[in-house]
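S.K.: Sharing a structure below in structure tokens format, with a few things to ask.
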Amino acid sequence: MQKLLIIDFGSQYTQLLAKRIRDIGAYSEVVQFDDKISLDNVKGIILSGGPDSVYEEDSPTLPENILESKLPILGICYGMQLIARKFGGKVETRDVGEFGKTTIKIMDHSKLFENTDKEFNVWMSHKDVVVEVPDGFKVTSKTNNGIIASFENEEEKIYALQFHPEVKHTTFGETILKNFVIKICDINETWKLTDFVDEKINQIRKTVGDKKAIIALSGGVDSSVAAILTYKAIGKNLKAIFVNHGLLRLNEAKEVESTFKDYFGIDLTVVDAEERFLTKLKGVTDPEKKRKIIGEEFIRVFEEEASKESDCEFLVQGTIYSDVIESAKSGKKTAKIKSHHNVGGLPEDMNLKLIEPLRELFKDEVRSVGEILGLPREILYRHPFPGPGLAIRIIGEVTKEKLEILRKVDDIFIKSLKETGWYDKVWQAFAVLTPIRTVGVTGDRRNYGYLVSLRAVDSTEGMTADWSKIPHDVLDLSSRRITNEVEEVTRVVYDITSKPPATIEWE
Ligand SMILES: Nc1ncnc2c1ncn2[C@@H]1O[C@H](COP(=O)(O)OP(=O)(O)OP(=O)(O)O)[C@@H](O)[C@H]1O
Ligand SMILES: O=c1[nH]c(=O)c2[nH+]cn([C@@H]3O[C@H](COP(=O)(O)O)[C@@H](O)[C@H]3O)c2[nH]1
Ligand SMILES: NC(=O)CC[C@H](N)C(=O)O
Ligand SMILES: [Mg+2]
């Protein structure tokens with residue numbers, strides 16, 4: 001089968017690139033930069049970004065055989081800088097980076113930019129820049145800051161982009177990738193999500209055999225889809241476990257329980273584990289420590305529940321690709337951003353075998369799988385909620401008192417969004433409780449209360465995000481309700497940072 005090869009230099013977005021290629025309907029494979037690379041059936045090569053700088057010693061280099069192959073090449077970010085250096089251009093670092101939204105202007109015709117505007121927004125994440133392109137290459141676009149955003153050698157079919165076309169916030173990103181895959185590499189075969197569903201159901205059936213499995217069910221999108229997929233494979237041999245770790249939102253435990261009992265015939269056990277989680281978290285302020293403690297405690301609960309069943313050997317989790325990438329469990333060079341509780345937060349000694357049917361997919365693909373499986377909209381379009389819950393939204397130590405405050409604030413914000421029709425317009429929204437105390441005046445009295453931040457983001461798969469442009473009156477409504485109804489809070493701010501440079505959750 002014809003394919004595109006993606007060479008991974010440690011970008012946070014490598015699998016996202018693979019996904020975009022799937023969206024275009026072509027088959028792609030990701031390999032590490034130092035793997036032995038076979039070029040059989042390969043029609044084009046994409047070089048990913050990465051955390052290194054090409055001028056540093058020991059930084060990853062271009063595999064030799066790809067240049068000899070004369071196949072079309074597209075270098076992105078680090079990949080672009082590698083091409084510049086390899087062919088004799090110049091790469092330098094700058095004091096000020098470009099992270100998030102930047103505008104570029106097309107300077108010269110390029111096949112890559114066919115059907116795009118002459119000027120459009122792109123998503124950047126870099127500090128190094130190409131200051132001189134190699135001989136034989138031409139600059140095809142620059143950013144508003146005068147930085148080279150793309151260059152190419154059309155004859156050799158070598159193309160380079162400083163920005164990330166694989167990121168949804170890059171307008172025309174899909175057009176650019178399509179131009180590369182279809183017009184430049186000439187690929188024309190199809191990949192479908194329904195094939196994926198059938199394949200996974202068979203695989204799960206084979207793996208579990210006549211043993212039993214438990215599914216860690218949070219009521220969120222990913223684990224609900226994983227649950228139905230697994231239920232289709234092994235039926236009654238699947239038991240669902242929902243852990244109430246005391247870090248949930250207002251009324252969440254009750255809602256999840258009733259939704260699942262009503263909708264699906266799956267056998268669901270709710271485990272009340274509030275005291276054990278909060279005891280373990282006592283005095284802990286470091287975000288990574290919190291995540292590891294929670295990840296381990298989850299597994300201990302699942303092990304205890306599994307041991308109550310005969311022949312229960314498997315734990316199904318709704319892990320998706322963004323959980324994997326940020327925990328640095330993908331490529332060799334990928335930097336760790338944070339340990340997602342269900343991946344980087346897992347203990348080393350665990351006796352259940354993991355099944356993660358959605359591990360390679362992104363959120364929007366998971367939603368599509370859910371649609372194929374017939375899950376209701378209200379489950380599929382819930383905002384994501386992280387496994388460690390409110391523990392990573394309370395900056396500093398987690399206490400019962402703080403959990404109470406944050407639950408009330410979060411509930412008011414979400415209700416305000418729902419009432420004004422904004423809940424479905426943003427990808428994820430929540431509140432964060434900071435340890436900062438600030439002076440307020442309520443009813444002529446001094447009130448020394450907490451500072452909370454509201455956060456709402458627009459995203460497609462959580463890998464990048466922009467802050468949502470919620471109207472001022474909706475923010476105003478939320479702020480007034482919060483300060484009126486939650487006396488411990490004296491100040492409300494709205495988070496206006498994109499990812500990158502920030503992340504979605506604060507810890
Ligand atoms: N309270 C919980 N009880 C049981 N399992 C949980 C709980 N919270 C998280 N998990 C497990 O951890 C996995 C990762 O959590 P995550 O929040 O990323 O996914 P989700 O809750 O299924 O979906 P969403 O991202 O929409 O919230 C879940 O798929 C589920 O398997
Ligand atoms: O199940 C989870 N376990 C975790 O440990 C975790 N950390 C972040 N998230 C969610 O992932 C998405 C990206 O968040 P970040 O930009 O903060 O990494 C956002 O949707 C976050 O809510 C988690 N989900
Ligand atoms: N995202 C990237 O590929 C970054 C490449 C390089 N480290 C830079 O800062 O420019
Ligand atoms: Mg969740």
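In the structure tokens, the first chain shown is A, the next is B, and so on; residue numbers restart at 1 for each chain, and ligands run from 1 in the order shown.
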When DSSP works through the backbone of this structure, what residues of stretch 435-482 of chain A end up as strand (DSSP E or B), shown as a PyMOL selection string?

M.R.: chain A and resi 435-442+445-458+465-467

S.K.: Store the residues of this selection in a file with C-alpha atoms, as a PDB file, in the first residue's frame.

M.R.:
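Generated file (again_23.pdb):
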```pdb
ATOM      1  CA  PRO A 435      -3.561  29.902  46.712  1.00  0.00           C
ATOM      2  CA  ILE A 436      -3.405  33.675  46.268  1.00  0.00           C
ATOM      3  CA  ARG A 437      -5.382  35.684  48.837  1.00  0.00           C
ATOM      4  CA  THR A 438      -6.581  39.113  47.871  1.00  0.00           C
ATOM      5  CA  VAL A 439      -8.477  41.901  49.618  1.00  0.00           C
ATOM      6  CA  GLY A 440     -12.128  42.505  48.855  1.00  0.00           C
ATOM      7  CA  VAL A 441     -14.874  44.679  50.333  1.00  0.00           C
ATOM      8  CA  THR A 442     -18.273  43.113  50.812  1.00  0.00           C
ATOM      9  CA  ARG A 445     -16.517  44.733  55.425  1.00  0.00           C
ATOM     10  CA  ARG A 446     -13.007  43.653  54.548  1.00  0.00           C
ATOM     11  CA  ASN A 447     -12.894  40.190  53.013  1.00  0.00           C
ATOM     12  CA  TYR A 448      -9.515  38.523  52.514  1.00  0.00           C
ATOM     13  CA  GLY A 449     -10.473  35.767  50.070  1.00  0.00           C
ATOM     14  CA  TYR A 450      -9.181  33.633  47.240  1.00  0.00           C
ATOM     15  CA  LEU A 451      -8.348  34.474  43.640  1.00  0.00           C
ATOM     16  CA  VAL A 452      -9.985  32.140  41.144  1.00  0.00           C
ATOM     17  CA  SER A 453      -9.366  31.977  37.432  1.00  0.00           C
ATOM     18  CA  LEU A 454     -11.848  30.949  34.782  1.00  0.00           C
ATOM     19  CA  ARG A 455     -10.508  29.168  31.729  1.00  0.00           C
ATOM     20  CA  ALA A 456     -12.255  28.297  28.474  1.00  0.00           C
ATOM     21  CA  VAL A 457     -10.479  27.096  25.357  1.00  0.00           C
ATOM     22  CA  ASP A 458     -11.145  26.347  21.710  1.00  0.00           C
ATOM     23  CA  ALA A 465      -5.700  25.488  22.143  1.00  0.00           C
ATOM     24  CA  ASP A 466      -6.668  29.109  21.956  1.00  0.00           C
ATOM     25  CA  TRP A 467      -8.480  30.930  24.750  1.00  0.00           C
TER      26      TRP A 467
END
```

S.K.: Can you build me a table of chain A residues sitting at most 7 Å from ligand 3, with the closest atom pair per residue and its distance in Å to one decimal, using only C-alpha atoms and all ligand atoms, sorted by chain and residue number, as CSV?

M.R.:
```
residue,atom,partner,partner_atom_place_in_ligand_line,distance
A:Ser11,CA,ligand 3,3 (O),6.2
A:Ser48,CA,ligand 3,3 (O),7.0
A:Gly49,CA,ligand 3,3 (O),3.2
A:Gly50,CA,ligand 3,3 (O),3.9
A:Pro51,CA,ligand 3,7 (N),4.4
A:Asp52,CA,ligand 3,7 (N),4.4
A:Ser53,CA,ligand 3,7 (N),4.5
A:Ile76,CA,ligand 3,3 (O),6.9
A:Cys77,CA,ligand 3,3 (O),4.2
A:Tyr78,CA,ligand 3,3 (O),3.8
A:Gly79,CA,ligand 3,3 (O),6.9
A:Ser125,CA,ligand 3,1 (N),4.9
A:His126,CA,ligand 3,10 (O),3.6
A:Lys127,CA,ligand 3,9 (O),3.8
A:Asp128,CA,ligand 3,10 (O),3.5
A:Val129,CA,ligand 3,10 (O),6.1
```

S.K.: Those same residues, written as an mmCIF file, in the first residue's frame with N, CA and C atoms?

M.R.:
```
data_model
loop_
_atom_site.group_PDB
_atom_site.id
_atom_site.type_symbol
_atom_site.label_atom_id
_atom_site.label_comp_id
_atom_site.auth_asym_id
_atom_site.auth_seq_id
_atom_site.Cartn_x
_atom_site.Cartn_y
_atom_site.Cartn_z
ATOM 1 N N SER A 11 8.511 15.748 18.195
ATOM 2 C CA SER A 11 7.488 16.797 18.245
ATOM 3 C C SER A 11 6.311 16.362 19.096
ATOM 4 N N SER A 48 9.313 15.773 11.222
ATOM 5 C CA SER A 48 8.521 16.461 12.252
ATOM 6 C C SER A 48 9.334 17.568 12.926
ATOM 7 N N GLY A 49 8.698 18.276 13.832
ATOM 8 C CA GLY A 49 9.400 19.213 14.707
ATOM 9 C C GLY A 49 10.092 18.450 15.833
ATOM 10 N N GLY A 50 10.672 19.168 16.761
ATOM 11 C CA GLY A 50 11.336 18.503 17.883
ATOM 12 C C GLY A 50 11.902 19.526 18.844
ATOM 13 N N PRO A 51 12.195 19.102 20.091
ATOM 14 C CA PRO A 51 12.642 20.058 21.105
ATOM 15 C C PRO A 51 14.103 20.503 20.958
ATOM 16 N N ASP A 52 14.900 19.815 20.122
ATOM 17 C CA ASP A 52 16.327 20.153 20.032
ATOM 18 C C ASP A 52 16.582 21.341 19.112
ATOM 19 N N SER A 53 17.854 21.758 19.065
ATOM 20 C CA SER A 53 18.274 22.792 18.120
ATOM 21 C C SER A 53 19.325 22.176 17.217
ATOM 22 N N ILE A 76 9.065 20.195 8.851
ATOM 23 C CA ILE A 76 8.253 21.105 9.658
ATOM 24 C C ILE A 76 9.030 21.520 10.907
ATOM 25 N N CYS A 77 9.199 22.807 11.120
ATOM 26 C CA CYS A 77 9.872 23.353 12.299
ATOM 27 C C CYS A 77 11.285 22.781 12.436
ATOM 28 N N TYR A 78 11.524 21.903 13.409
ATOM 29 C CA TYR A 78 12.868 21.302 13.504
ATOM 30 C C TYR A 78 13.235 20.661 12.170
ATOM 31 N N GLY A 79 12.273 20.040 11.519
ATOM 32 C CA GLY A 79 12.497 19.413 10.217
ATOM 33 C C GLY A 79 12.949 20.433 9.178
ATOM 34 N N SER A 125 5.666 27.347 17.110
ATOM 35 C CA SER A 125 6.213 26.977 18.413
ATOM 36 C C SER A 125 7.724 26.853 18.286
ATOM 37 N N HIS A 126 8.389 28.016 18.208
ATOM 38 C CA HIS A 126 9.845 27.935 18.002
ATOM 39 C C HIS A 126 10.591 29.159 18.530
ATOM 40 N N LYS A 127 11.905 28.951 18.717
ATOM 41 C CA LYS A 127 12.812 30.046 19.098
ATOM 42 C C LYS A 127 13.941 30.158 18.089
ATOM 43 N N ASP A 128 14.247 29.024 17.430
ATOM 44 C CA ASP A 128 15.292 29.039 16.401
ATOM 45 C C ASP A 128 14.667 29.500 15.095
ATOM 46 N N VAL A 129 15.478 30.188 14.281
ATOM 47 C CA VAL A 129 14.956 30.633 12.981
ATOM 48 C C VAL A 129 15.979 30.367 11.885
#
```

S.K.: With a distance cut-off of 9 Å and only C-alpha atoms, select the neighbouring residues of A:Phe413, excluding the residue or stretch itself and same-chain residues fewer than 2 positions from it, and output the selection as an NGL selection string.

M.R.: :A and (408-411 or 415-418 or 429-431 or 454 or 475 or 477-479 or 481-482)

S.K.: Using only C-alpha atoms and all ligand atoms, which residues have at least one atom no more than 12 Å from ligand 4? Output them as an mmCIF file with N, CA and C atoms, in the first residue's frame.

M.R.:
```
data_model
loop_
_atom_site.group_PDB
_atom_site.id
_atom_site.type_symbol
_atom_site.label_atom_id
_atom_site.label_comp_id
_atom_site.auth_asym_id
_atom_site.auth_seq_id
_atom_site.Cartn_x
_atom_site.Cartn_y
_atom_site.Cartn_z
ATOM 1 N N ALA A 216 -12.147 1.060 33.511
ATOM 2 C CA ALA A 216 -12.128 2.262 34.323
ATOM 3 C C ALA A 216 -13.029 3.267 33.631
ATOM 4 N N LEU A 217 -14.216 3.454 34.169
ATOM 5 C CA LEU A 217 -15.207 4.296 33.515
ATOM 6 C C LEU A 217 -15.405 5.597 34.292
ATOM 7 N N SER A 218 -15.135 6.713 33.631
ATOM 8 C CA SER A 218 -15.262 8.011 34.315
ATOM 9 C C SER A 218 -16.542 8.718 33.936
ATOM 10 N N GLY A 219 -17.235 8.187 32.915
ATOM 11 C CA GLY A 219 -18.396 8.915 32.410
ATOM 12 C C GLY A 219 -17.998 9.919 31.355
ATOM 13 N N GLY A 220 -16.676 10.090 31.154
ATOM 14 C CA GLY A 220 -16.175 10.991 30.114
ATOM 15 C C GLY A 220 -16.290 10.336 28.746
ATOM 16 N N VAL A 221 -15.934 11.111 27.728
ATOM 17 C CA VAL A 221 -16.082 10.650 26.360
ATOM 18 C C VAL A 221 -15.242 9.393 26.081
ATOM 19 N N ASP A 222 -13.961 9.465 26.442
ATOM 20 C CA ASP A 222 -13.039 8.407 26.038
ATOM 21 C C ASP A 222 -13.391 7.065 26.670
ATOM 22 N N SER A 223 -13.638 7.067 27.983
ATOM 23 C CA SER A 223 -13.895 5.774 28.614
ATOM 24 C C SER A 223 -15.282 5.256 28.240
ATOM 25 N N SER A 224 -16.222 6.143 27.934
ATOM 26 C CA SER A 224 -17.546 5.663 27.512
ATOM 27 C C SER A 224 -17.427 4.953 26.170
ATOM 28 N N VAL A 225 -16.670 5.556 25.258
ATOM 29 C CA VAL A 225 -16.490 4.927 23.949
ATOM 30 C C VAL A 225 -15.733 3.606 24.099
ATOM 31 N N PHE A 242 -16.321 2.814 38.485
ATOM 32 C CA PHE A 242 -16.219 4.273 38.531
ATOM 33 C C PHE A 242 -15.694 4.647 39.905
ATOM 34 N N VAL A 243 -14.584 5.376 39.938
ATOM 35 C CA VAL A 243 -13.972 5.724 41.215
ATOM 36 C C VAL A 243 -14.389 7.139 41.622
ATOM 37 N N LEU A 247 -12.459 14.063 44.103
ATOM 38 C CA LEU A 247 -11.926 15.187 43.340
ATOM 39 C C LEU A 247 -12.846 15.504 42.171
ATOM 40 N N LEU A 248 -14.090 15.034 42.287
ATOM 41 C CA LEU A 248 -15.062 15.215 41.206
ATOM 42 C C LEU A 248 -15.786 16.546 41.342
ATOM 43 N N ARG A 249 -16.551 16.894 40.287
ATOM 44 C CA ARG A 249 -17.325 18.125 40.312
ATOM 45 C C ARG A 249 -18.642 17.919 41.055
ATOM 46 N N GLU A 252 -21.328 15.046 40.416
ATOM 47 C CA GLU A 252 -20.860 14.244 39.283
ATOM 48 C C GLU A 252 -21.065 12.750 39.497
ATOM 49 N N VAL A 256 -23.171 10.407 36.845
ATOM 50 C CA VAL A 256 -22.530 9.353 36.047
ATOM 51 C C VAL A 256 -23.240 8.024 36.305
ATOM 52 N N GLN A 317 -8.742 0.924 29.679
ATOM 53 C CA GLN A 317 -8.734 2.361 29.976
ATOM 54 C C GLN A 317 -9.063 3.132 28.703
ATOM 55 N N GLY A 318 -9.646 4.305 28.885
ATOM 56 C CA GLY A 318 -9.973 5.145 27.730
ATOM 57 C C GLY A 318 -8.844 6.075 27.352
ATOM 58 N N THR A 319 -7.614 5.586 27.477
ATOM 59 C CA THR A 319 -6.461 6.412 27.118
ATOM 60 C C THR A 319 -6.515 6.815 25.649
ATOM 61 N N ILE A 320 -6.249 8.095 25.373
ATOM 62 C CA ILE A 320 -6.181 8.519 23.976
ATOM 63 C C ILE A 320 -4.792 9.120 23.723
ATOM 64 N N ASP A 323 -3.032 11.892 25.874
ATOM 65 C CA ASP A 323 -2.546 11.468 27.208
ATOM 66 C C ASP A 323 -1.141 10.884 27.075
ATOM 67 N N HIS A 340 0.145 12.287 32.532
ATOM 68 C CA HIS A 340 -1.290 12.014 32.621
ATOM 69 C C HIS A 340 -1.468 10.775 33.500
ATOM 70 N N HIS A 341 -2.460 10.847 34.399
ATOM 71 C CA HIS A 341 -2.563 9.842 35.466
ATOM 72 C C HIS A 341 -2.637 8.417 34.915
ATOM 73 N N ASN A 342 -3.231 8.267 33.725
ATOM 74 C CA ASN A 342 -3.474 6.931 33.184
ATOM 75 C C ASN A 342 -2.336 6.434 32.305
ATOM 76 N N LYS A 363 -9.172 13.026 20.233
ATOM 77 C CA LYS A 363 -10.519 13.269 20.740
ATOM 78 C C LYS A 363 -11.603 13.279 19.658
ATOM 79 N N ILE A 379 -23.292 12.519 25.890
ATOM 80 C CA ILE A 379 -22.059 11.911 26.399
ATOM 81 C C ILE A 379 -20.892 12.300 25.489
ATOM 82 N N LEU A 380 -21.119 12.244 24.193
ATOM 83 C CA LEU A 380 -20.012 12.501 23.250
ATOM 84 C C LEU A 380 -19.531 13.944 23.269
ATOM 85 N N ARG A 382 -19.688 16.109 25.896
ATOM 86 C CA ARG A 382 -19.322 16.678 27.203
ATOM 87 C C ARG A 382 -17.920 17.254 27.098
ATOM 88 N N HIS A 383 -17.654 18.267 27.894
ATOM 89 C CA HIS A 383 -16.279 18.764 27.934
ATOM 90 C C HIS A 383 -15.399 17.693 28.566
ATOM 91 N N PRO A 384 -14.143 17.585 28.134
ATOM 92 C CA PRO A 384 -13.242 16.628 28.794
ATOM 93 C C PRO A 384 -13.047 17.012 30.261
ATOM 94 N N PHE A 385 -12.852 16.021 31.099
ATOM 95 C CA PHE A 385 -12.539 16.281 32.515
ATOM 96 C C PHE A 385 -11.372 15.359 32.880
ATOM 97 N N PRO A 386 -10.272 15.904 33.384
ATOM 98 C CA PRO A 386 -9.078 15.074 33.606
ATOM 99 C C PRO A 386 -9.262 14.084 34.743
ATOM 100 N N GLY A 387 -8.669 12.919 34.614
ATOM 101 C CA GLY A 387 -8.748 11.896 35.655
ATOM 102 C C GLY A 387 -8.382 12.418 37.042
ATOM 103 N N PRO A 388 -7.289 13.195 37.191
ATOM 104 C CA PRO A 388 -6.939 13.694 38.525
ATOM 105 C C PRO A 388 -7.904 14.769 39.022
ATOM 106 N N GLY A 389 -8.853 15.139 38.184
ATOM 107 C CA GLY A 389 -9.952 15.997 38.605
ATOM 108 C C GLY A 389 -9.523 17.328 39.177
ATOM 109 N N LEU A 390 -10.238 17.748 40.221
ATOM 110 C CA LEU A 390 -10.006 19.075 40.779
ATOM 111 C C LEU A 390 -8.640 19.187 41.455
ATOM 112 N N GLN A 428 -13.578 23.250 26.066
ATOM 113 C CA GLN A 428 -13.472 22.854 27.477
ATOM 114 C C GLN A 428 -13.491 24.120 28.311
#
```

S.K.: Of the residues A:Glu507, A:Asp23, A:Glu255, A:Asp198, which is the one nearest to ligand 2, using only C-alpha atoms and all ligand atoms?

M.R.: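 The closest residue to ligand 2 is A:Glu507.
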
S.K.: For atom CA of A:Thr334 and atom CA of A:Glu92, quote the distance in Å rounded to one decimal.

M.R.: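 Interatomic distance here is 21.8 Å.
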
S.K.: So that I can see what lies close to A:Pro500, please list as a PyMOL selection string the residues with an atom at most 10 Å from it, counting only C-alpha atoms and leaving out residues fewer than 6 positions away in the same chain.

M.R.: chain A and resi 98-101+123-125+463-466

S.K.: Each residue of stretch 332-446 of chain A with at least one atom at most 12 Å from stretch 259-282 of chain A should appear once, together with its nearest atom pair and the corresponding distance in Å (one decimal); atoms considered: only C-alpha atoms; ordering: chain, then increasing residue number; output as a tab-separated table.

M.R.:
```
residue	atom	partner	partner_atom	distance
A:Gly374	CA	A:Tyr263	CA	11.2
A:Leu375	CA	A:Tyr263	CA	9.2
A:Pro376	CA	A:Tyr263	CA	9.0
A:Glu378	CA	A:Thr259	CA	10.0
A:Ile379	CA	A:Thr259	CA	9.0
A:Pro388	CA	A:Phe277	CA	10.2
A:Gly389	CA	A:Phe277	CA	11.6
A:Leu390	CA	A:Leu278	CA	11.6
A:Ala391	CA	A:Leu281	CA	8.7
A:Ile392	CA	A:Leu281	CA	11.3
A:Ile394	CA	A:Leu281	CA	11.9
A:Gly396	CA	A:Lys282	CA	10.5
A:Glu397	CA	A:Lys282	CA	7.0
A:Val398	CA	A:Leu281	CA	6.8
A:Thr399	CA	A:Lys282	CA	7.4
A:Lys400	CA	A:Leu278	CA	8.1
A:Glu401	CA	A:Leu278	CA	11.7
A:Lys402	CA	A:Leu278	CA	11.9
A:Leu403	CA	A:Leu278	CA	10.5
```
